[in-house]
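Student: Pasting model-v1.csv here (CSV, C-alpha atoms):
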chain,number,residue,atom,x,y,z
A,65,MET,CA,-74.4,-37.2,17.0
A,66,ASP,CA,-77.3,-39.7,17.1
A,67,ARG,CA,-78.1,-42.8,15.1
A,68,ASP,CA,-81.4,-42.6,13.4
A,69,ASP,CA,-83.7,-45.4,12.4
A,70,THR,CA,-82.3,-45.6,8.9
A,71,GLY,CA,-78.9,-46.8,10.3
A,72,GLU,CA,-77.2,-43.5,9.5
A,73,PHE,CA,-75.5,-41.1,11.9
A,74,GLU,CA,-76.7,-37.6,11.9
A,75,TYR,CA,-73.5,-35.7,11.9
A,76,GLY,CA,-73.3,-31.9,12.2
A,77,GLY,CA,-76.8,-31.6,10.9
A,78,GLN,CA,-76.1,-33.8,7.9
A,79,VAL,CA,-76.9,-37.4,7.3
A,80,GLN,CA,-73.9,-39.7,7.0
A,81,PRO,CA,-74.2,-43.3,5.6
A,82,ALA,CA,-73.4,-46.0,8.2
A,83,GLU,CA,-71.6,-48.2,5.8
A,84,ARG,CA,-69.4,-46.9,3.0
A,85,GLY,CA,-69.7,-48.6,-0.3
A,86,SER,CA,-69.7,-48.0,-4.0
A,87,THR,CA,-72.7,-45.8,-3.7
A,88,GLU,CA,-70.9,-43.4,-1.3
A,89,ARG,CA,-71.1,-39.9,-2.5
A,90,GLU,CA,-68.0,-37.6,-2.7
A,91,PRO,CA,-67.5,-35.4,0.4
A,92,THR,CA,-68.4,-31.8,0.0
A,93,GLU,CA,-65.8,-29.1,0.3
A,94,ARG,CA,-67.3,-28.1,3.6
A,95,GLU,CA,-67.1,-31.6,4.9
A,96,ILE,CA,-63.4,-31.8,3.9
A,97,GLU,CA,-62.7,-28.5,5.8
A,98,GLU,CA,-64.6,-29.7,8.8
A,99,ALA,CA,-62.7,-33.0,8.8
A,100,ALA,CA,-59.4,-31.1,8.6
A,101,ALA,CA,-60.4,-28.8,11.5
A,102,LEU,CA,-61.4,-31.8,13.5
A,103,ALA,CA,-58.1,-33.4,12.8
A,104,ARG,CA,-56.3,-30.3,13.9
A,105,ALA,CA,-58.4,-30.0,17.0
A,106,LEU,CA,-57.8,-33.6,18.0
A,107,ASP,CA,-54.1,-33.2,17.3
A,108,ARG,CA,-53.5,-29.9,19.0
A,109,GLY,CA,-56.6,-29.5,21.3
A,110,VAL,CA,-57.5,-26.2,19.6
A,111,ALA,CA,-58.7,-25.3,16.1
A,112,GLU,CA,-60.4,-22.6,14.3
A,113,ALA,CA,-64.1,-23.2,14.3
A,114,PRO,CA,-64.1,-27.0,14.8
A,115,PRO,CA,-67.3,-28.9,14.3
A,116,GLU,CA,-68.3,-28.9,18.0
A,117,ASP,CA,-70.5,-32.0,17.9
A,118,ALA,CA,-67.8,-34.1,16.0
A,119,LEU,CA,-65.1,-32.7,18.4
A,120,GLN,CA,-67.1,-33.9,21.4
A,121,ALA,CA,-67.6,-37.3,19.9
A,122,ALA,CA,-63.9,-37.7,19.0
A,123,ALA,CA,-62.9,-36.5,22.5
A,124,LEU,CA,-65.2,-39.1,24.0
A,125,LEU,CA,-63.7,-41.8,21.9
A,126,ARG,CA,-60.2,-40.8,22.8
A,127,LEU,CA,-61.1,-40.5,26.5
A,128,SER,CA,-62.6,-43.9,26.5
A,129,ARG,CA,-59.4,-45.3,24.9
A,130,ASP,CA,-56.5,-43.7,26.9
A,131,GLY,CA,-58.2,-41.3,29.3
A,132,GLY,CA,-57.1,-38.4,27.1
A,133,ALA,CA,-53.5,-38.8,28.0
A,134,LEU,CA,-51.0,-37.3,25.5
A,135,ASP,CA,-48.1,-39.3,24.3
A,136,PRO,CA,-45.0,-37.7,25.9
A,137,GLN,CA,-43.2,-37.5,22.5
A,138,ARG,CA,-46.3,-35.8,20.9
A,139,SER,CA,-46.6,-33.5,23.9
A,140,GLU,CA,-43.0,-32.4,23.5
A,141,ALA,CA,-43.5,-31.7,19.8
A,142,ILE,CA,-46.7,-29.7,20.5
A,143,LEU,CA,-44.8,-27.7,23.1
A,144,GLN,CA,-42.0,-27.0,20.8
A,145,THR,CA,-44.4,-25.8,18.1
A,146,VAL,CA,-46.1,-23.5,20.6
A,147,PHE,CA,-42.7,-22.0,21.7
A,148,ASP,CA,-41.8,-21.5,18.0
A,149,GLU,CA,-45.0,-19.7,17.3
A,150,ALA,CA,-44.9,-17.7,20.5
A,151,ARG,CA,-41.3,-16.5,20.2
A,152,PRO,CA,-41.1,-12.8,19.5
A,153,PRO,CA,-39.6,-11.8,16.2
A,154,ARG,CA,-35.8,-11.3,16.4
A,155,ALA,CA,-34.7,-7.7,16.4
A,156,PRO,CA,-32.4,-6.9,13.5
A,157,GLN,CA,-28.8,-7.5,14.5
A,158,ARG,CA,-26.6,-4.6,14.9
A,159,SER,CA,-23.3,-4.8,13.0
A,160,PRO,CA,-20.4,-5.8,15.3
A,161,LEU,CA,-18.1,-3.0,16.2
A,162,TRP,CA,-15.1,-4.4,14.4
A,163,ARG,CA,-16.8,-4.1,11.1
A,164,TRP,CA,-16.6,-0.3,11.5
A,165,LEU,CA,-13.5,-0.1,13.6
A,166,VAL,CA,-11.2,-2.0,11.3
A,167,PRO,CA,-11.9,0.1,8.1
A,168,ALA,CA,-11.9,3.3,10.2
A,169,SER,CA,-8.5,2.4,11.6
A,170,VAL,CA,-7.1,1.5,8.2
A,171,ALA,CA,-8.4,4.8,6.8
A,172,GLY,CA,-6.8,6.6,9.7
A,173,VAL,CA,-3.4,5.0,9.1
A,174,ALA,CA,-3.6,5.7,5.4
A,175,ALA,CA,-4.5,9.3,6.0
A,176,ALA,CA,-1.7,9.8,8.5
A,177,GLY,CA,0.8,8.2,6.0
A,178,LEU,CA,-0.4,10.5,3.2
A,179,LEU,CA,-0.2,13.5,5.5
A,180,LEU,CA,3.3,12.7,6.5
A,181,PHE,CA,4.3,12.0,2.9
A,182,PHE,CA,3.0,15.3,1.6
A,183,LEU,CA,4.3,17.3,4.6
A,184,ARG,CA,7.8,16.1,3.8
A,185,GLN,CA,7.7,17.3,0.1
A,186,PRO,CA,8.8,20.9,0.7
A,187,THR,CA,11.8,19.6,2.6
A,188,ARG,CA,12.8,17.4,-0.3
A,189,SER,CA,12.5,20.2,-2.7
A,190,LEU,CA,15.2,22.3,-0.9
A,191,PRO,CA,17.5,23.4,-3.7
A,192,LEU,CA,21.2,22.4,-3.7
A,193,PRO,CA,23.5,25.3,-2.7
A,194,ALA,CA,24.7,27.4,-5.6
A,195,PRO,CA,28.5,27.1,-6.3
A,196,ASP,CA,30.4,30.2,-5.3
A,197,GLU,CA,32.5,32.3,-7.6
A,198,ALA,CA,35.8,30.9,-6.5
A,199,LEU,CA,34.7,27.4,-7.4
A,200,LEU,CA,33.4,28.5,-10.8
A,201,ARG,CA,36.6,30.4,-11.6
A,202,ALA,CA,38.7,27.3,-10.5
A,203,GLN,CA,36.6,25.2,-12.8
A,204,ALA,CA,37.0,27.6,-15.7
A,205,ALA,CA,40.7,27.6,-15.1
A,206,ALA,CA,40.9,23.8,-15.1
A,207,ALA,CA,39.0,23.7,-18.4
A,208,THR,CA,41.4,26.1,-20.1
A,209,GLY,CA,44.6,24.6,-18.6
A,210,ARG,CA,45.3,27.6,-16.5
A,211,GLY,CA,45.1,26.2,-13.0
A,212,ASP,CA,44.7,23.2,-10.8
A,213,GLN,CA,42.6,24.5,-7.9
A,214,LEU,CA,39.4,22.7,-8.8
A,215,ASP,CA,39.8,19.8,-6.4
A,216,THR,CA,40.6,22.1,-3.5
A,217,ALA,CA,37.6,24.3,-4.3
A,218,MET,CA,35.3,21.3,-4.5
A,219,VAL,CA,36.0,20.3,-0.9
A,220,ARG,CA,33.9,23.1,0.6
A,221,TYR,CA,31.2,22.9,-2.0
A,222,ARG,CA,31.0,19.1,-1.7
A,223,SER,CA,30.4,19.4,2.1
A,224,MET,CA,27.7,22.0,1.5
A,225,VAL,CA,25.9,19.8,-1.0
A,226,LEU,CA,26.1,16.7,1.2
A,227,ALA,CA,24.8,18.7,4.2
A,228,ARG,CA,21.8,19.9,2.1
A,229,LEU,CA,21.0,16.4,1.0
A,230,GLU,CA,21.3,15.1,4.5
A,231,GLN,CA,18.8,17.8,5.5
A,232,ARG,CA,16.4,16.6,2.8
A,233,TYR,CA,16.5,13.0,4.0
A,234,GLU,CA,16.7,13.5,7.7
A,235,PRO,CA,13.9,11.5,9.5
B,131,MET,CA,-15.8,-5.2,3.6
B,132,SER,CA,-13.8,-8.2,2.5
B,133,ALA,CA,-10.7,-9.4,4.3
B,134,ARG,CA,-8.6,-8.9,1.1
B,135,LEU,CA,-9.6,-5.3,0.9
B,136,VAL,CA,-8.9,-4.7,4.5
B,137,THR,CA,-5.5,-6.3,4.1
B,138,THR,CA,-4.8,-4.2,1.0
B,139,LEU,CA,-5.7,-1.0,2.8
B,140,VAL,CA,-3.6,-1.8,5.8
B,141,ALA,CA,-0.6,-2.6,3.6
B,142,ALA,CA,-1.1,0.7,1.7
B,143,GLY,CA,-1.1,2.6,4.9
B,144,VAL,CA,2.0,0.9,6.2
B,145,LEU,CA,3.8,1.5,2.9
B,146,LEU,CA,2.8,5.1,2.9
B,147,SER,CA,4.0,5.5,6.4
B,148,VAL,CA,7.3,3.8,5.6
B,149,ALA,CA,7.7,5.9,2.5
B,150,ALA,CA,7.0,9.0,4.5
B,151,CYS,CA,9.2,8.2,7.5
B,152,GLY,CA,11.6,5.6,6.4
B,153,ASP,CA,14.6,7.4,4.9
B,154,GLY,CA,17.1,5.8,7.1
B,155,GLY,CA,18.7,4.1,4.1
B,156,ALA,CA,19.2,7.4,2.3
B,157,GLY,CA,20.6,9.1,5.4
B,158,GLU,CA,23.1,6.2,5.9
B,159,TRP,CA,24.1,6.3,2.3
B,160,LEU,CA,24.7,10.1,2.4
B,161,ALA,CA,26.7,9.7,5.7
B,162,SER,CA,28.7,7.0,4.0
B,163,ALA,CA,29.4,9.3,1.0
B,164,ARG,CA,30.7,12.0,3.4
B,165,ALA,CA,32.8,9.4,5.3
B,166,VAL,CA,34.3,8.2,2.0
B,167,HIS,CA,35.3,11.7,0.9
B,168,ASP,CA,36.8,12.4,4.3
B,169,SER,CA,38.7,9.2,4.2
B,170,ALA,CA,40.0,10.0,0.6
B,171,ASP,CA,41.0,13.5,1.7
B,172,ARG,CA,43.0,12.1,4.6
B,173,ALA,CA,44.7,9.5,2.3
B,174,LEU,CA,45.5,12.2,-0.3
B,175,ALA,CA,46.9,14.4,2.4
B,176,ALA,CA,49.1,11.5,3.4
B,177,GLY,CA,50.1,10.9,-0.2
B,178,ASP,CA,48.4,7.5,-0.3
B,179,LEU,CA,46.6,7.6,-3.6
B,180,ASP,CA,45.9,4.0,-3.6
B,181,ALA,CA,44.0,4.1,-0.3
B,182,ALA,CA,42.0,7.1,-1.6
B,183,ARG,CA,41.1,5.3,-4.7
B,184,ARG,CA,40.0,2.2,-2.9
B,185,SER,CA,37.8,4.2,-0.6
B,186,LEU,CA,36.1,6.1,-3.4
B,187,GLN,CA,35.9,3.0,-5.6
B,188,GLY,CA,34.1,1.0,-3.0
B,189,PHE,CA,31.4,3.6,-2.7
B,190,ALA,CA,31.0,4.2,-6.5
B,191,THR,CA,30.4,0.6,-7.3
B,192,GLN,CA,27.4,0.3,-4.9
B,193,PRO,CA,24.0,1.4,-6.1
B,194,PRO,CA,22.2,4.0,-3.9
B,195,PRO,CA,19.3,2.9,-1.8
B,196,GLU,CA,15.8,3.1,-3.3
B,197,GLY,CA,14.8,6.0,-1.1
B,198,VAL,CA,17.2,8.4,-2.7
B,199,GLY,CA,15.9,10.5,-5.5
B,200,PRO,CA,17.6,9.8,-8.8
B,201,GLU,CA,18.9,13.4,-9.2
B,202,ASP,CA,20.3,13.4,-5.7
B,203,ALA,CA,21.9,10.0,-6.3
B,204,ARG,CA,23.4,11.3,-9.6
B,205,VAL,CA,24.9,14.3,-8.0
B,206,VAL,CA,26.6,12.3,-5.2
B,207,ARG,CA,27.8,9.5,-7.5
B,208,GLN,CA,29.1,11.9,-10.3
B,209,ASP,CA,31.2,13.7,-7.7
B,210,VAL,CA,32.8,10.4,-6.6
B,211,PHE,CA,33.4,9.4,-10.3
B,212,TYR,CA,35.0,12.8,-10.9
B,213,ARG,CA,37.4,12.2,-8.0
B,214,LEU,CA,38.2,8.7,-9.2
B,215,SER,CA,39.0,10.1,-12.7
B,216,ARG,CA,41.3,12.8,-11.2
B,217,LEU,CA,43.0,10.2,-9.1
B,218,ALA,CA,43.6,7.9,-12.0
B,219,LEU,CA,45.1,10.8,-13.9
B,220,ARG,CA,47.4,11.6,-11.1
B,221,GLU,CA,48.5,8.0,-11.1
B,222,GLY,CA,49.2,8.3,-14.8
B,223,ASP,CA,46.4,6.1,-15.9
B,224,ALA,CA,44.7,8.3,-18.5
B,225,GLU,CA,42.6,5.4,-19.9
B,226,ALA,CA,41.2,4.7,-16.5
B,227,ALA,CA,40.6,8.4,-15.9
B,228,LYS,CA,38.6,8.6,-19.1
B,229,GLY,CA,36.6,5.5,-18.1
B,230,TRP,CA,35.7,6.9,-14.7
B,231,ALA,CA,34.6,10.2,-16.2
B,232,GLU,CA,32.5,8.4,-18.8
B,233,ARG,CA,30.8,6.3,-16.1
B,234,GLY,CA,29.9,9.5,-14.3
B,235,LEU,CA,28.6,11.2,-17.4
B,236,ALA,CA,26.5,8.1,-18.2
B,237,LEU,CA,24.4,8.9,-15.1
B,238,GLY,CA,23.1,12.0,-16.9
B,239,ARG,CA,24.1,15.5,-17.9
B,240,ARG,CA,22.8,18.7,-16.3
B,241,ASP,CA,23.9,22.3,-16.3
B,242,ASP,CA,25.6,21.9,-12.9
B,243,VAL,CA,29.0,21.8,-11.3
B,244,PHE,CA,29.2,18.0,-11.3
B,245,THR,CA,28.6,17.5,-15.0
B,246,ALA,CA,31.0,20.2,-15.8
B,247,ASN,CA,33.7,18.7,-13.6
B,248,LEU,CA,33.3,15.3,-15.3
B,249,LEU,CA,33.7,17.0,-18.7
B,250,VAL,CA,36.9,18.7,-17.5
B,251,ALA,CA,38.2,15.4,-16.1
B,252,ARG,CA,37.4,13.6,-19.4
B,253,GLY,CA,39.0,16.4,-21.4
B,254,GLN,CA,42.2,16.1,-19.4
B,255,ALA,CA,42.2,12.3,-19.8
B,256,LEU,CA,41.6,12.7,-23.6
B,257,GLU,CA,44.3,15.3,-23.8
B,258,ALA,CA,46.7,12.9,-22.0
B,259,LEU,CA,45.7,10.2,-24.5
B,260,GLY,CA,46.6,12.5,-27.3
B,261,GLN,CA,43.0,13.1,-28.4
B,262,GLY,CA,43.2,16.9,-28.5
B,263,VAL,CA,40.1,17.5,-30.6
B,264,GLU,CA,37.8,15.4,-28.4
B,265,ALA,CA,39.4,17.0,-25.3
B,266,ALA,CA,38.7,20.5,-26.7
B,267,ALA,CA,35.0,19.6,-27.2
B,268,ASP,CA,34.7,18.5,-23.6
B,269,TYR,CA,36.5,21.6,-22.4
B,270,HIS,CA,34.1,23.7,-24.5
B,271,ASP,CA,31.0,21.9,-23.1
B,272,ALA,CA,32.4,22.4,-19.6
B,273,LEU,CA,33.0,26.0,-20.1
B,274,ARG,CA,29.4,26.6,-21.5
B,275,ILE,CA,28.0,25.1,-18.3
B,276,ASN,CA,30.4,27.1,-16.2
B,277,GLU,CA,29.4,30.3,-17.9
B,278,ARG,CA,25.7,29.6,-17.3
B,279,LEU,CA,26.4,28.9,-13.6
B,280,LEU,CA,28.5,32.1,-13.3
B,281,ASP,CA,25.7,34.1,-15.0
B,282,ALA,CA,23.1,32.6,-12.6
B,283,LEU,CA,25.4,33.4,-9.6
B,284,LEU,CA,25.9,37.0,-10.7
B,285,ASP,CA,22.1,37.4,-11.4
B,286,GLY,CA,21.3,35.9,-8.0
B,287,ASP,CA,19.4,33.0,-9.4
B,288,GLU,CA,19.3,29.5,-8.0
B,289,PRO,CA,21.2,27.0,-10.2
Could you rewrite the structure in this file as C-alpha cells?
Tutor:
Amino acid sequence: MDRDDTGEFEYGGQVQPAERGSTEREPTEREIEEAAALARALDRGVAEAPPEDALQAAALLRLSRDGGALDPQRSEAILQTVFDEARPPRAPQRSPLWRWLVPASVAGVAAAGLLLFFLRQPTRSLPLPAPDEALLRAQAAAATGRGDQLDTAMVRYRSMVLARLEQRYEP
Amino acid sequence: MSARLVTTLVAAGVLLSVAACGDGGAGEWLASARAVHDSADRALAAGDLDAARRSLQGFATQPPPEGVGPEDARVVRQDVFYRLSRLALREGDAEAAKGWAERGLALGRRDDVFTANLLVARGQALEALGQGVEAAADYHDALRINERLLDALLDGDEP
C-alpha cells in the first residue's frame, strides 16, 4: 500500500481517497467483503482469502502498537472457539439400561401373575360333590314329615363340601 | 415410558399376583366354617343348644372375605342358616326359625341340597306357626329340587 502523488492510498489495486468527506463514494460490495475478511483476519489471525496487502498493513500497525501481543482474555475466547469448532460431533446417546429393564420387568411380573391366575382356574371349577342317596331320602322324608334324619345325614355331606371348597382355595 | 404408566403396570402385576396366589382369607374363612360346625356338633351332642347357636350365629353374621366366589359363599352360609333355623325350631322359637331360613334363602335359590334344606326348614317353621298352606308350598318346592337331585344321582350326572 503506497501513497501516490494525489494524496490517495493505493489499496488492493484501487485508489482510496485520503480524506473522507461528503464526496466520498459508497463502498462496493467487494470492498465490504474485503473489509470483513480483513476484520476476521485481524481478529482471529486467519481468514478466507483476506486481502493480503491490507492484512500486511494492518499487521504492521498492530505490531508497532503492542508488538502483536494478544489480550489474554481475547486469547482465551479464541481458544474456546477453536475448541468448540474442533470438537467431534457427539455420538448419539444410547438409551440407559433402566429404560428397557423396568418395562421388561413389569411385563414379566404381569405375565407371571396372569399365568398363575389362569392356571388356577381349573382347580376353582372343581364341582361340589353330589349328595348321596341316603341324604336325598332323608331330605325327602323331612319334607313330607316322615323322618328326622336330615341333620345327621348332612354332617357327612357338609364335611365333603367343605373339603372340596378348601381344595379350591388352597394356596 | 412415563413414570405413571410404569407404576400402573407394576400395580397391575402385583394385584394379579395377589389375586392368583392370595387366597389365604378364603382358606381361613372355610377353616373357620368347619370349626364352627364342629363346635356346634359337640355342643349339640352335649345338649347345649345355646352354645351351638352362639357358635353358628357368630359365623353367619360375618360377611365372607372378598376372595371367596359368591356361589361358594352362598353354599357355606346357607348351610349355617339352615342349622340356625333347625336349632331355633328345637328351642321352640318358630318365628326365629322362619327368620333364619328366610335369611338363607335371600342369598339365592339353586337346585341344590342347601336351598332344599332351607325350604324344608322354613316349611317346618311355618307349619309350627300354623301356616299350613305356605308350609306346603315350601315342602313342595323342596321336594321338586330333591327329585331333580335324585334323578341326577341315578343318571350319574353332576349336580
Student: Distance limit 7 Å, atoms considered: all atoms listed in the file. Which chain A residues sit that close to chain B? Return them as a PDB file with C-alpha atoms, keeping the file's coordinate frame.
Tutor:
ATOM      1  CA  PRO A 167     -11.900   0.100   8.100  1.00  0.00           C
ATOM      2  CA  VAL A 170      -7.100   1.500   8.200  1.00  0.00           C
ATOM      3  CA  VAL A 173      -3.400   5.000   9.100  1.00  0.00           C
ATOM      4  CA  ALA A 174      -3.600   5.700   5.400  1.00  0.00           C
ATOM      5  CA  GLY A 177       0.800   8.200   6.000  1.00  0.00           C
ATOM      6  CA  LEU A 178      -0.400  10.500   3.200  1.00  0.00           C
ATOM      7  CA  LEU A 180       3.300  12.700   6.500  1.00  0.00           C
ATOM      8  CA  PHE A 181       4.300  12.000   2.900  1.00  0.00           C
ATOM      9  CA  ALA A 194      24.700  27.400  -5.600  1.00  0.00           C
ATOM     10  CA  GLU A 197      32.500  32.300  -7.600  1.00  0.00           C
ATOM     11  CA  LEU A 200      33.400  28.500 -10.800  1.00  0.00           C
ATOM     12  CA  ALA A 204      37.000  27.600 -15.700  1.00  0.00           C
ATOM     13  CA  ALA A 206      40.900  23.800 -15.100  1.00  0.00           C
ATOM     14  CA  ALA A 207      39.000  23.700 -18.400  1.00  0.00           C
ATOM     15  CA  LEU A 226      26.100  16.700   1.200  1.00  0.00           C
ATOM     16  CA  GLU A 230      21.300  15.100   4.500  1.00  0.00           C
ATOM     17  CA  TYR A 233      16.500  13.000   4.000  1.00  0.00           C
ATOM     18  CA  GLU A 234      16.700  13.500   7.700  1.00  0.00           C
ATOM     19  CA  PRO A 235      13.900  11.500   9.500  1.00  0.00           C
TER      20      PRO A 235
END
Student: Could you tell me how far atom CA of B:Leu217 sits from atom CA of B:Val166, in Å to one decimal place?
Tutor: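 Pair atom CA of B:Val166 / atom CA of B:Leu217 returns 14.2 Å.
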Student: Pick from A:Leu127, A:Leu199, A:Arg222, A:Arg232: nearest to B:Val210, with all atoms listed in the file counted?
Tutor: A:Arg222
Student: Between atom CA of A:Ala101 and atom CA of A:Phe147, what is the spacing in Å?
Tutor: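 The value is 21.5 Å.
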Student: Determine, counting all atoms listed in the file, which protein, DNA and RNA residues have an atom within 10 Å of an atom of B:Leu259; residues of the same chain fewer than 2 positions away are not included. Present the result as a compact mmCIF listing (two decimals) with C-alpha atoms, keeping the file's coordinate frame.
Tutor:
# COMPACT_ATOMS: atom_id res chain seq x y z
CA ASP B 223 46.40 6.10 -15.90
CA ALA B 224 44.70 8.30 -18.50
CA GLU B 225 42.60 5.40 -19.90
CA LYS B 228 38.60 8.60 -19.10
CA GLY B 253 39.00 16.40 -21.40
CA GLN B 254 42.20 16.10 -19.40
CA ALA B 255 42.20 12.30 -19.80
CA LEU B 256 41.60 12.70 -23.60
CA GLU B 257 44.30 15.30 -23.80
CA GLN B 261 43.00 13.10 -28.40
CA GLY B 262 43.20 16.90 -28.50
CA ALA B 265 39.40 17.00 -25.30
Student: In Å, with one decimal, what is the gap from atom CA of B:Ser185 to atom CA of B:Trp230?
Tutor: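 About the pair atom CA of B:Ser185 and atom CA of B:Trp230: they are 14.5 Å apart.
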Student: List the neighbours of B:Asp180 out to 10 Å using all atoms listed in the file; skip same-chain residues closer than 4 positions along the sequence, and give me the result as a PyMOL selection string.
Tutor: chain B and resi 170+173-174+184-185+217-218+221
Student: My list of candidates is B:Ser162, B:Gln208, B:Leu219, B:Ala267. Which is closest to B:Arg233 when distances are computed with only C-alpha atoms?
Tutor: B:Gln208
Student: What would stretch 161-178 of chain A look like with N, CA, C and O atoms restored, written as a PDB file, in the coordinates of the input?
Tutor:
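The new file part.pdb reads:
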ATOM      1  N   LEU A 161     -18.904  -4.234  16.214  1.00  0.00           N
ATOM      2  CA  LEU A 161     -18.100  -3.000  16.200  1.00  0.00           C
ATOM      3  C   LEU A 161     -16.873  -3.123  15.298  1.00  0.00           C
ATOM      4  O   LEU A 161     -16.493  -2.154  14.641  1.00  0.00           O
ATOM      5  N   TRP A 162     -16.298  -4.328  15.214  1.00  0.00           N
ATOM      6  CA  TRP A 162     -15.100  -4.400  14.400  1.00  0.00           C
ATOM      7  C   TRP A 162     -15.313  -4.152  12.947  1.00  0.00           C
ATOM      8  O   TRP A 162     -14.412  -3.739  12.238  1.00  0.00           O
ATOM      9  N   ARG A 163     -16.563  -4.351  12.500  1.00  0.00           N
ATOM     10  CA  ARG A 163     -16.800  -4.100  11.100  1.00  0.00           C
ATOM     11  C   ARG A 163     -16.624  -2.630  10.734  1.00  0.00           C
ATOM     12  O   ARG A 163     -16.319  -2.290   9.600  1.00  0.00           O
ATOM     13  N   TRP A 164     -16.838  -1.769  11.708  1.00  0.00           N
ATOM     14  CA  TRP A 164     -16.600  -0.300  11.500  1.00  0.00           C
ATOM     15  C   TRP A 164     -15.229   0.095  11.948  1.00  0.00           C
ATOM     16  O   TRP A 164     -14.604   0.967  11.371  1.00  0.00           O
ATOM     17  N   LEU A 165     -14.806  -0.572  13.032  1.00  0.00           N
ATOM     18  CA  LEU A 165     -13.500  -0.100  13.600  1.00  0.00           C
ATOM     19  C   LEU A 165     -12.350  -0.427  12.726  1.00  0.00           C
ATOM     20  O   LEU A 165     -11.460   0.415  12.576  1.00  0.00           O
ATOM     21  N   VAL A 166     -12.341  -1.595  12.102  1.00  0.00           N
ATOM     22  CA  VAL A 166     -11.200  -2.000  11.300  1.00  0.00           C
ATOM     23  C   VAL A 166     -11.046  -1.031  10.061  1.00  0.00           C
ATOM     24  O   VAL A 166      -9.972  -0.445   9.859  1.00  0.00           O
ATOM     25  N   PRO A 167     -12.094  -0.832   9.261  1.00  0.00           N
ATOM     26  CA  PRO A 167     -11.900   0.100   8.100  1.00  0.00           C
ATOM     27  C   PRO A 167     -11.596   1.520   8.584  1.00  0.00           C
ATOM     28  O   PRO A 167     -10.802   2.212   7.952  1.00  0.00           O
ATOM     29  N   ALA A 168     -12.192   1.928   9.719  1.00  0.00           N
ATOM     30  CA  ALA A 168     -11.900   3.300  10.200  1.00  0.00           C
ATOM     31  C   ALA A 168     -10.429   3.413  10.599  1.00  0.00           C
ATOM     32  O   ALA A 168      -9.775   4.425  10.310  1.00  0.00           O
ATOM     33  N   SER A 169      -9.911   2.362  11.254  1.00  0.00           N
ATOM     34  CA  SER A 169      -8.500   2.400  11.600  1.00  0.00           C
ATOM     35  C   SER A 169      -7.589   2.405  10.425  1.00  0.00           C
ATOM     36  O   SER A 169      -6.608   3.143  10.362  1.00  0.00           O
ATOM     37  N   VAL A 170      -7.949   1.572   9.452  1.00  0.00           N
ATOM     38  CA  VAL A 170      -7.100   1.500   8.200  1.00  0.00           C
ATOM     39  C   VAL A 170      -7.129   2.850   7.519  1.00  0.00           C
ATOM     40  O   VAL A 170      -6.077   3.354   7.088  1.00  0.00           O
ATOM     41  N   ALA A 171      -8.303   3.463   7.426  1.00  0.00           N
ATOM     42  CA  ALA A 171      -8.400   4.800   6.800  1.00  0.00           C
ATOM     43  C   ALA A 171      -7.565   5.798   7.529  1.00  0.00           C
ATOM     44  O   ALA A 171      -6.903   6.654   6.921  1.00  0.00           O
ATOM     45  N   GLY A 172      -7.585   5.698   8.860  1.00  0.00           N
ATOM     46  CA  GLY A 172      -6.800   6.600   9.700  1.00  0.00           C
ATOM     47  C   GLY A 172      -5.311   6.497   9.429  1.00  0.00           C
ATOM     48  O   GLY A 172      -4.608   7.495   9.263  1.00  0.00           O
ATOM     49  N   VAL A 173      -4.842   5.246   9.392  1.00  0.00           N
ATOM     50  CA  VAL A 173      -3.400   5.000   9.100  1.00  0.00           C
ATOM     51  C   VAL A 173      -3.012   5.528   7.768  1.00  0.00           C
ATOM     52  O   VAL A 173      -1.979   6.192   7.596  1.00  0.00           O
ATOM     53  N   ALA A 174      -3.869   5.231   6.768  1.00  0.00           N
ATOM     54  CA  ALA A 174      -3.600   5.700   5.400  1.00  0.00           C
ATOM     55  C   ALA A 174      -3.524   7.200   5.327  1.00  0.00           C
ATOM     56  O   ALA A 174      -2.635   7.784   4.702  1.00  0.00           O
ATOM     57  N   ALA A 175      -4.481   7.838   5.991  1.00  0.00           N
ATOM     58  CA  ALA A 175      -4.500   9.300   6.000  1.00  0.00           C
ATOM     59  C   ALA A 175      -3.288   9.894   6.640  1.00  0.00           C
ATOM     60  O   ALA A 175      -2.703  10.863   6.146  1.00  0.00           O
ATOM     61  N   ALA A 176      -2.889   9.279   7.766  1.00  0.00           N
ATOM     62  CA  ALA A 176      -1.700   9.800   8.500  1.00  0.00           C
ATOM     63  C   ALA A 176      -0.461   9.622   7.602  1.00  0.00           C
ATOM     64  O   ALA A 176       0.390  10.511   7.535  1.00  0.00           O
ATOM     65  N   GLY A 177      -0.374   8.470   6.927  1.00  0.00           N
ATOM     66  CA  GLY A 177       0.800   8.200   6.000  1.00  0.00           C
ATOM     67  C   GLY A 177       0.818   9.250   4.916  1.00  0.00           C
ATOM     68  O   GLY A 177       1.877   9.809   4.610  1.00  0.00           O
ATOM     69  N   LEU A 178      -0.347   9.512   4.309  1.00  0.00           N
ATOM     70  CA  LEU A 178      -0.400  10.500   3.200  1.00  0.00           C
ATOM     71  C   LEU A 178      -0.014  11.871   3.706  1.00  0.00           C
ATOM     72  O   LEU A 178       0.726  12.601   3.037  1.00  0.00           O
TER      73      LEU A 178
END
